[in-house]
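Q: First the structure, then my questions, so here it is.
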Amino acid sequence: ETFKHLISLKRHPDLQLLQFKIPVVSCSMPSEEIKSLSLPVGWKCYRSPEGQKYYVNISTKETTWERPSRSTTSNISTRSIHAHTHCELTFLCFISLQINCVTFPVPASALEQQLLKPSEWSYCDYFWADKKDPQGATVSGFEVLLQKQLKGKQMQKEMAEFIRERIKIEEEYAKNLSKLSMFPMAAQEEGTLGEAWAQLKKSLADEAEVHLKFSSKLQSEVEKPLLTFRGDNFKKDMKKYDHHIADLRKQQVSRYAAVEKARKALADRQKDLEVKTQQLEIKLSNKTEEDIKKARRKSTQAGDDLMRCVDLYNQAQSKWFEEMVTTSLELERLEVERVETIQQLLRQYTTLRHETDMFNQSTLEPVDQLLQSVDPAKDRELWVKEHKTGDLRPVDMDI
């Protein structure tokens with residue numbers, strides 16, 4: 001339903017303007033449709049950017065400033081864009097901009113455009129124009145979106161490498177802790193202090209085991225998902241998107257070139273008609289009237305050719321537009337999915353880290369208990385009992 005809504009907005013007349021800088025036929029739909037009341041069947045009323053009403057026959061593409069009526073429809077057609085070719089007629093023309101073969105509204109009309117997804121900063125609203133990269137090359141808006149996807153894939157890979165280094169540190173740390181716990185240092189300490197010292201050394205081995213488990217879970221629950229999320233087919237999918245949109249854009253460029261060629265041909269025909277009309281007015285030739293008829297037919301044909309080229313161009317641009325909306329929304333969905341997936345994996349990292357701290361704390365609890373039980377007097381008693389040499393004290397010598 002969202003996509004249908006977006007495409008319906010695409011069909012707003014503001015998005016279909018096309019203009020040429022010579023006074024030729026109207027080459028597009030107008031900027032604003034006015035409610036058509038009491039008009040003959042097939043006629044619609046519009047308003048130009050300057051606010052003036054005009055009328056278009058949606059079947060024949062005939063256009064006139066005068067309001068058509070059922071009794072005057074046939075007369076109006078003689079003044080329509082297709083039928084009337086006299087060079088002095090000011091043909092209807094709408095203003096728009098062509099940038100890199102893409103048609104955009106002028107600033108005045110652009111103000112009337114609404115975002116397809118307001119307040120969402122959606123990809124489908126902000127990547128229609130081309131831009132220059134730091135090297136000065138032209139980059140399309142869609143290429144910018146693709147680069148974002150590929151950069152996200154690279155960031156994901158680098159995060160996995162970072163976690164791999166963390167795992168190596170944990171494994172090395174666990175190895176060193178285990179090795180240290182077996183050192184015979186202070187092994188001859190006795191009494192309650194000796195018990196506490198022995199437990200502290202044992203806690204190192206327990207802590208080493210905790211860190212080994214931590215590194216193993218990091219590998220299976222964080223690193224591996226980062227590496228496997230969007231596998232080798234991801235880049236292939238991005239290339240398919242790239243080629244598809246690029247092909248549509250190339251077709252649009254080709255259709256635009258055809259429009260320009262037809263526009264030039266029409267300008268040449270109109271100029272030829274103007275010359276022959278002037279010759280007729282000053283009666284330079286008896287054949288001028290017949291020549292004018294031929295020139296008018298050729299000018300009319302050139303106008304029809306231009307209209308046909310413009311229609312084909314607008315069809316190509318419409319197809320490109322629809323695919324841009326569809327594909328950019330898909331790329332937007334993929335980016336949301338990527339961010340949320342990595343967010344979940346990093347949360348798993350912090351969860352494992354908290355668990356490691358908790359398990360490490362548990363290895364110290366027996367040490368804490370024994371340290372609280374350390375009693376110098378008790379140690380002295382035990383040591384004396386084991387190592388005493390005699391409890392008779394010396395006395396004075398008697399003679």
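Going through the structure tokens in order, the chains are called A, B, and so on, while each chain numbers its residues from 1 and the ligands are numbered from 1 in the order shown.
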For the contact check between stretch 194-290 of chain A and stretch 162-183 of chain A, emit one row per residue of stretch 194-290 of chain A within 9 Å, containing the shortest atom pair and the distance in Å rounded to one decimal, counting only C-alpha atoms, chain then rising number order, as a tab-separated table.
A:
```
residue	atom	partner	partner_atom	distance
A:Leu200	CA	A:Ser181	CA	8.6
A:Lys201	CA	A:Ser181	CA	5.0
A:Lys202	CA	A:Ser181	CA	6.2
A:Ser203	CA	A:Ser181	CA	7.9
A:Leu204	CA	A:Ser181	CA	5.5
A:Ala205	CA	A:Ser178	CA	4.8
A:Asp206	CA	A:Ser178	CA	8.2
A:Glu207	CA	A:Leu177	CA	7.4
A:Ala208	CA	A:Ala174	CA	4.1
A:Glu209	CA	A:Ala174	CA	6.8
A:Val210	CA	A:Ala174	CA	8.0
A:His211	CA	A:Ala174	CA	5.7
A:Leu212	CA	A:Glu171	CA	5.9
A:Phe214	CA	A:Glu170	CA	7.6
A:Ser215	CA	A:Ile167	CA	4.9
A:Ser216	CA	A:Ile167	CA	7.7
A:Leu218	CA	A:Ile167	CA	6.8
A:Gln219	CA	A:Ile167	CA	7.1
A:Val222	CA	A:Ile163	CA	7.6
A:Glu223	CA	A:Ile163	CA	5.9
```
Q: Output N, CA and C atoms for every residue in that selection, as an mmCIF file, in the first residue's frame.
A:
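Result saved to out23.cif:
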```cif
data_model
loop_
_atom_site.group_PDB
_atom_site.id
_atom_site.type_symbol
_atom_site.label_atom_id
_atom_site.label_comp_id
_atom_site.auth_asym_id
_atom_site.auth_seq_id
_atom_site.Cartn_x
_atom_site.Cartn_y
_atom_site.Cartn_z
ATOM 1 N N LEU A 200 44.079 -18.518 46.179
ATOM 2 C CA LEU A 200 44.272 -17.423 45.219
ATOM 3 C C LEU A 200 44.916 -17.946 43.948
ATOM 4 N N LYS A 201 45.930 -18.813 44.102
ATOM 5 C CA LYS A 201 46.571 -19.400 42.915
ATOM 6 C C LYS A 201 45.576 -20.243 42.127
ATOM 7 N N LYS A 202 44.746 -21.005 42.866
ATOM 8 C CA LYS A 202 43.728 -21.825 42.194
ATOM 9 C C LYS A 202 42.722 -20.950 41.456
ATOM 10 N N SER A 203 42.407 -19.779 42.016
ATOM 11 C CA SER A 203 41.430 -18.892 41.369
ATOM 12 C C SER A 203 41.925 -18.427 40.007
ATOM 13 N N LEU A 204 43.245 -18.362 39.831
ATOM 14 C CA LEU A 204 43.783 -17.992 38.518
ATOM 15 C C LEU A 204 43.425 -19.048 37.475
ATOM 16 N N ALA A 205 43.532 -20.298 37.858
ATOM 17 C CA ALA A 205 43.151 -21.369 36.932
ATOM 18 C C ALA A 205 41.656 -21.308 36.633
ATOM 19 N N ASP A 206 40.841 -21.035 37.670
ATOM 20 C CA ASP A 206 39.398 -20.898 37.443
ATOM 21 C C ASP A 206 39.087 -19.712 36.530
ATOM 22 N N GLU A 207 39.802 -18.623 36.768
ATOM 23 C CA GLU A 207 39.589 -17.424 35.934
ATOM 24 C C GLU A 207 40.012 -17.695 34.493
ATOM 25 N N ALA A 208 41.089 -18.437 34.294
ATOM 26 C CA ALA A 208 41.531 -18.802 32.950
ATOM 27 C C ALA A 208 40.440 -19.574 32.221
ATOM 28 N N GLU A 209 39.774 -20.475 32.933
ATOM 29 C CA GLU A 209 38.682 -21.237 32.337
ATOM 30 C C GLU A 209 37.528 -20.325 31.942
ATOM 31 N N VAL A 210 37.244 -19.338 32.773
ATOM 32 C CA VAL A 210 36.181 -18.378 32.466
ATOM 33 C C VAL A 210 36.496 -17.618 31.175
ATOM 34 N N HIS A 211 37.728 -17.190 31.027
ATOM 35 C CA HIS A 211 38.109 -16.421 29.843
ATOM 36 C C HIS A 211 38.142 -17.290 28.593
ATOM 37 N N LEU A 212 38.484 -18.563 28.739
ATOM 38 C CA LEU A 212 38.419 -19.471 27.596
ATOM 39 C C LEU A 212 36.975 -19.634 27.121
ATOM 40 N N PHE A 214 34.611 -17.459 27.590
ATOM 41 C CA PHE A 214 34.240 -16.160 27.025
ATOM 42 C C PHE A 214 34.700 -16.054 25.579
ATOM 43 N N SER A 215 35.950 -16.438 25.316
ATOM 44 C CA SER A 215 36.482 -16.355 23.949
ATOM 45 C C SER A 215 35.736 -17.293 23.014
ATOM 46 N N SER A 216 35.354 -18.461 23.513
ATOM 47 C CA SER A 216 34.616 -19.412 22.692
ATOM 48 C C SER A 216 33.232 -18.877 22.337
ATOM 49 N N LEU A 218 32.383 -15.701 22.278
ATOM 50 C CA LEU A 218 32.578 -14.570 21.370
ATOM 51 C C LEU A 218 32.681 -15.056 19.928
ATOM 52 N N GLN A 219 33.378 -16.151 19.749
ATOM 53 C CA GLN A 219 33.563 -16.686 18.401
ATOM 54 C C GLN A 219 32.248 -17.175 17.801
ATOM 55 N N VAL A 222 29.194 -13.964 18.330
ATOM 56 C CA VAL A 222 29.402 -12.596 17.845
ATOM 57 C C VAL A 222 30.199 -12.583 16.541
ATOM 58 N N GLU A 223 31.412 -13.139 16.574
ATOM 59 C CA GLU A 223 32.265 -13.076 15.385
ATOM 60 C C GLU A 223 31.656 -13.811 14.192
#
```
Q: Skip A:Gly152 itself and residues of its chain fewer than 2 positions away, then list as a PDB file with N, CA and C atoms, in the first residue's frame all residues within 12 Å of it, counting only C-alpha atoms.
A:
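File around35.pdb, as written:
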```pdb
ATOM      1  N   LEU A 145      23.761   5.589  -2.763  1.00  0.00           N
ATOM      2  CA  LEU A 145      23.064   4.607  -1.920  1.00  0.00           C
ATOM      3  C   LEU A 145      23.764   3.252  -1.962  1.00  0.00           C
ATOM      4  N   LEU A 146      24.213   2.841  -3.148  1.00  0.00           N
ATOM      5  CA  LEU A 146      24.924   1.568  -3.258  1.00  0.00           C
ATOM      6  C   LEU A 146      26.232   1.600  -2.483  1.00  0.00           C
ATOM      7  N   GLN A 147      26.954   2.709  -2.576  1.00  0.00           N
ATOM      8  CA  GLN A 147      28.206   2.831  -1.838  1.00  0.00           C
ATOM      9  C   GLN A 147      27.967   2.729  -0.327  1.00  0.00           C
ATOM     10  N   LYS A 148      26.844   3.241   0.122  1.00  0.00           N
ATOM     11  CA  LYS A 148      26.486   3.123   1.536  1.00  0.00           C
ATOM     12  C   LYS A 148      26.339   1.652   1.922  1.00  0.00           C
ATOM     13  N   GLN A 149      25.694   0.866   1.058  1.00  0.00           N
ATOM     14  CA  GLN A 149      25.516  -0.556   1.330  1.00  0.00           C
ATOM     15  C   GLN A 149      26.862  -1.277   1.363  1.00  0.00           C
ATOM     16  N   LEU A 150      27.714  -1.000   0.395  1.00  0.00           N
ATOM     17  CA  LEU A 150      29.017  -1.662   0.332  1.00  0.00           C
ATOM     18  C   LEU A 150      29.907  -1.238   1.492  1.00  0.00           C
ATOM     19  N   GLN A 154      31.626  -3.533   4.488  1.00  0.00           N
ATOM     20  CA  GLN A 154      33.022  -3.426   4.908  1.00  0.00           C
ATOM     21  C   GLN A 154      33.127  -3.174   6.408  1.00  0.00           C
ATOM     22  N   MET A 155      32.267  -2.309   6.933  1.00  0.00           N
ATOM     23  CA  MET A 155      32.280  -2.039   8.372  1.00  0.00           C
ATOM     24  C   MET A 155      31.968  -3.304   9.170  1.00  0.00           C
ATOM     25  N   GLN A 156      31.038  -4.079   8.669  1.00  0.00           N
ATOM     26  CA  GLN A 156      30.672  -5.346   9.302  1.00  0.00           C
ATOM     27  C   GLN A 156      31.878  -6.286   9.332  1.00  0.00           C
ATOM     28  N   LYS A 157      32.617  -6.349   8.231  1.00  0.00           N
ATOM     29  CA  LYS A 157      33.803  -7.196   8.158  1.00  0.00           C
ATOM     30  C   LYS A 157      34.867  -6.735   9.148  1.00  0.00           C
ATOM     31  N   GLU A 158      35.073  -5.422   9.239  1.00  0.00           N
ATOM     32  CA  GLU A 158      36.083  -4.900  10.155  1.00  0.00           C
ATOM     33  C   GLU A 158      35.692  -5.128  11.609  1.00  0.00           C
ATOM     34  N   MET A 159      34.405  -5.063  11.907  1.00  0.00           N
ATOM     35  CA  MET A 159      33.952  -5.370  13.266  1.00  0.00           C
ATOM     36  C   MET A 159      34.261  -6.824  13.621  1.00  0.00           C
ATOM     37  N   LEU A 226      28.695 -12.104  12.571  1.00  0.00           N
ATOM     38  CA  LEU A 226      29.135 -10.920  11.829  1.00  0.00           C
ATOM     39  C   LEU A 226      29.710 -11.309  10.471  1.00  0.00           C
ATOM     40  N   PHE A 229      26.635 -12.882   8.208  1.00  0.00           N
ATOM     41  CA  PHE A 229      25.513 -12.010   7.872  1.00  0.00           C
ATOM     42  C   PHE A 229      25.757 -11.376   6.505  1.00  0.00           C
ATOM     43  N   ARG A 230      24.855 -11.647   5.567  1.00  0.00           N
ATOM     44  CA  ARG A 230      25.003 -11.186   4.187  1.00  0.00           C
ATOM     45  C   ARG A 230      26.290 -11.747   3.582  1.00  0.00           C
ATOM     46  N   PHE A 234      25.697 -11.060  -1.455  1.00  0.00           N
ATOM     47  CA  PHE A 234      25.255  -9.678  -1.208  1.00  0.00           C
ATOM     48  C   PHE A 234      25.796  -8.724  -2.273  1.00  0.00           C
ATOM     49  N   LYS A 235      27.089  -8.806  -2.546  1.00  0.00           N
ATOM     50  CA  LYS A 235      27.675  -7.906  -3.545  1.00  0.00           C
ATOM     51  C   LYS A 235      27.102  -8.171  -4.935  1.00  0.00           C
ATOM     52  N   LEU A 331      16.854  -0.784  -0.383  1.00  0.00           N
ATOM     53  CA  LEU A 331      18.160  -0.504   0.214  1.00  0.00           C
ATOM     54  C   LEU A 331      18.007   0.101   1.608  1.00  0.00           C
ATOM     55  N   LEU A 334      17.284  -2.766   3.893  1.00  0.00           N
ATOM     56  CA  LEU A 334      18.500  -3.529   4.140  1.00  0.00           C
ATOM     57  C   LEU A 334      19.408  -2.829   5.149  1.00  0.00           C
ATOM     58  N   GLU A 335      19.476  -1.507   5.067  1.00  0.00           N
ATOM     59  CA  GLU A 335      20.327  -0.768   6.001  1.00  0.00           C
ATOM     60  C   GLU A 335      19.769  -0.833   7.421  1.00  0.00           C
ATOM     61  N   VAL A 336      18.454  -0.714   7.544  1.00  0.00           N
ATOM     62  CA  VAL A 336      17.829  -0.852   8.856  1.00  0.00           C
ATOM     63  C   VAL A 336      18.112  -2.245   9.420  1.00  0.00           C
ATOM     64  N   GLU A 337      17.982  -3.245   8.573  1.00  0.00           N
ATOM     65  CA  GLU A 337      18.244  -4.627   8.996  1.00  0.00           C
ATOM     66  C   GLU A 337      19.696  -4.793   9.445  1.00  0.00           C
ATOM     67  N   ARG A 338      20.627  -4.208   8.701  1.00  0.00           N
ATOM     68  CA  ARG A 338      22.045  -4.301   9.055  1.00  0.00           C
ATOM     69  C   ARG A 338      22.323  -3.661  10.410  1.00  0.00           C
ATOM     70  N   VAL A 339      21.823  -2.453  10.596  1.00  0.00           N
ATOM     71  CA  VAL A 339      22.067  -1.745  11.855  1.00  0.00           C
ATOM     72  C   VAL A 339      21.468  -2.505  13.034  1.00  0.00           C
ATOM     73  N   THR A 341      20.768  -5.710  13.237  1.00  0.00           N
ATOM     74  CA  THR A 341      21.472  -6.973  13.452  1.00  0.00           C
ATOM     75  C   THR A 341      22.775  -6.750  14.207  1.00  0.00           C
ATOM     76  N   ILE A 342      23.558  -5.768  13.773  1.00  0.00           N
ATOM     77  CA  ILE A 342      24.826  -5.486  14.454  1.00  0.00           C
ATOM     78  C   ILE A 342      24.576  -4.989  15.868  1.00  0.00           C
TER      79      ILE A 342
END
```
Q: Calculate how many Å separate atom CA of A:Val106 from atom CA of A:Asn314, rounding to one decimal.
A: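 Between these atoms lies a distance of 17.2 Å.
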Q: Based on DSSP run over this structure's backbone, return all residues of stretch 132-278 of chain A in alpha helix (DSSP H), as a ChimeraX atom specification.
A: /A:141-181,191-218,224-228,233-278
Q: Report as a CSV table (one decimal) with N, CA, C and O atoms, in the first residue's frame all protein, DNA and RNA residues lying within 7 Å of A:Tyr313, evaluated on only C-alpha atoms, omitting residues in the same chain fewer than 5 positions from it.
A:
```csv
chain,number,residue,atom,x,y,z
A,252,GLN,N,16.8,6.4,-20.6
A,252,GLN,CA,16.3,7.8,-20.4
A,252,GLN,C,17.2,8.8,-21.2
A,252,GLN,O,16.7,9.7,-21.8
A,255,ARG,N,16.5,8.5,-24.8
A,255,ARG,CA,15.2,9.1,-25.2
A,255,ARG,C,15.3,10.6,-25.1
A,255,ARG,O,14.7,11.3,-25.9
A,256,TYR,N,16.1,11.1,-24.2
A,256,TYR,CA,16.3,12.6,-24.1
A,256,TYR,C,17.0,13.1,-25.4
A,256,TYR,O,16.7,14.2,-25.9
```
Q: Tell me, in Å to one decimal, how far atom CA of A:Val325 is from atom CA of A:Leu116.
A: 9.3 Å
Q: As an exercise, work out the distance from atom CA of A:Glu120 to atom CA of A:Asp242 in Å and give it to one decimal place.
A: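 Calculated distance between atom CA of A:Glu120 and atom CA of A:Asp242 is 24.2 Å.
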Q: Counting only C-alpha atoms, what is within 12 Å of stretch 365-378 of chain A, bar same-chain residues fewer than 2 positions away, as a list in words?
A: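 Near neighbours after the sequence-gap exclusion: Glu190, Gly191, Thr192, Leu193, Gly194, Glu195, Ala196, Trp197, Ala198, Gln199, Leu200, Lys201, Lys202, Ser203, Leu204, Asp206, Glu207, Met358, Phe359, Asn360, Gln361, Ser362, Thr363, Arg380, Glu381, Leu382, Trp383, Val384 and Lys385 of chain A.
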Q: Write out as a list in words each polymer residue whose atoms come within 9 Å of A:Ser254, counting only C-alpha atoms; drop sequence neighbours fewer than 5 positions from it.
A: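 The residues that qualify are Cys101, Arg249, Val259 and Tyr313 of chain A.
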Q: Selection from above, N, CA and C atoms, as a short mmCIF file (atom, residue, chain, number, x, y, z; two decimals), in the first residue's frame, can you write it?
A:
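Here's the written file out_17.cif:
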```
data_model
loop_
_atom_site.label_atom_id
_atom_site.label_comp_id
_atom_site.auth_asym_id
_atom_site.auth_seq_id
_atom_site.Cartn_x
_atom_site.Cartn_y
_atom_site.Cartn_z
N CYS A 101 19.94 14.94 -18.28
CA CYS A 101 18.85 14.22 -18.94
C CYS A 101 17.71 13.85 -18.01
N ARG A 249 18.52 4.31 -16.70
CA ARG A 249 19.04 5.66 -16.86
C ARG A 249 19.60 5.86 -18.27
N VAL A 259 14.59 13.44 -28.06
CA VAL A 259 13.78 14.65 -27.86
C VAL A 259 14.53 15.87 -28.37
N TYR A 313 10.12 9.65 -23.80
CA TYR A 313 11.03 10.10 -22.74
C TYR A 313 10.34 10.04 -21.38
#
```
Q: Rank nothing, just name the residue among A:Ala265, A:Cys45, A:Ile282, A:Leu392 nearest to A:Gly303, using only C-alpha atoms.
A: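 Checking each of A:Ala265, A:Cys45, A:Ile282, A:Leu392 against A:Gly303, counting only C-alpha atoms, the winner is A:Ala265.
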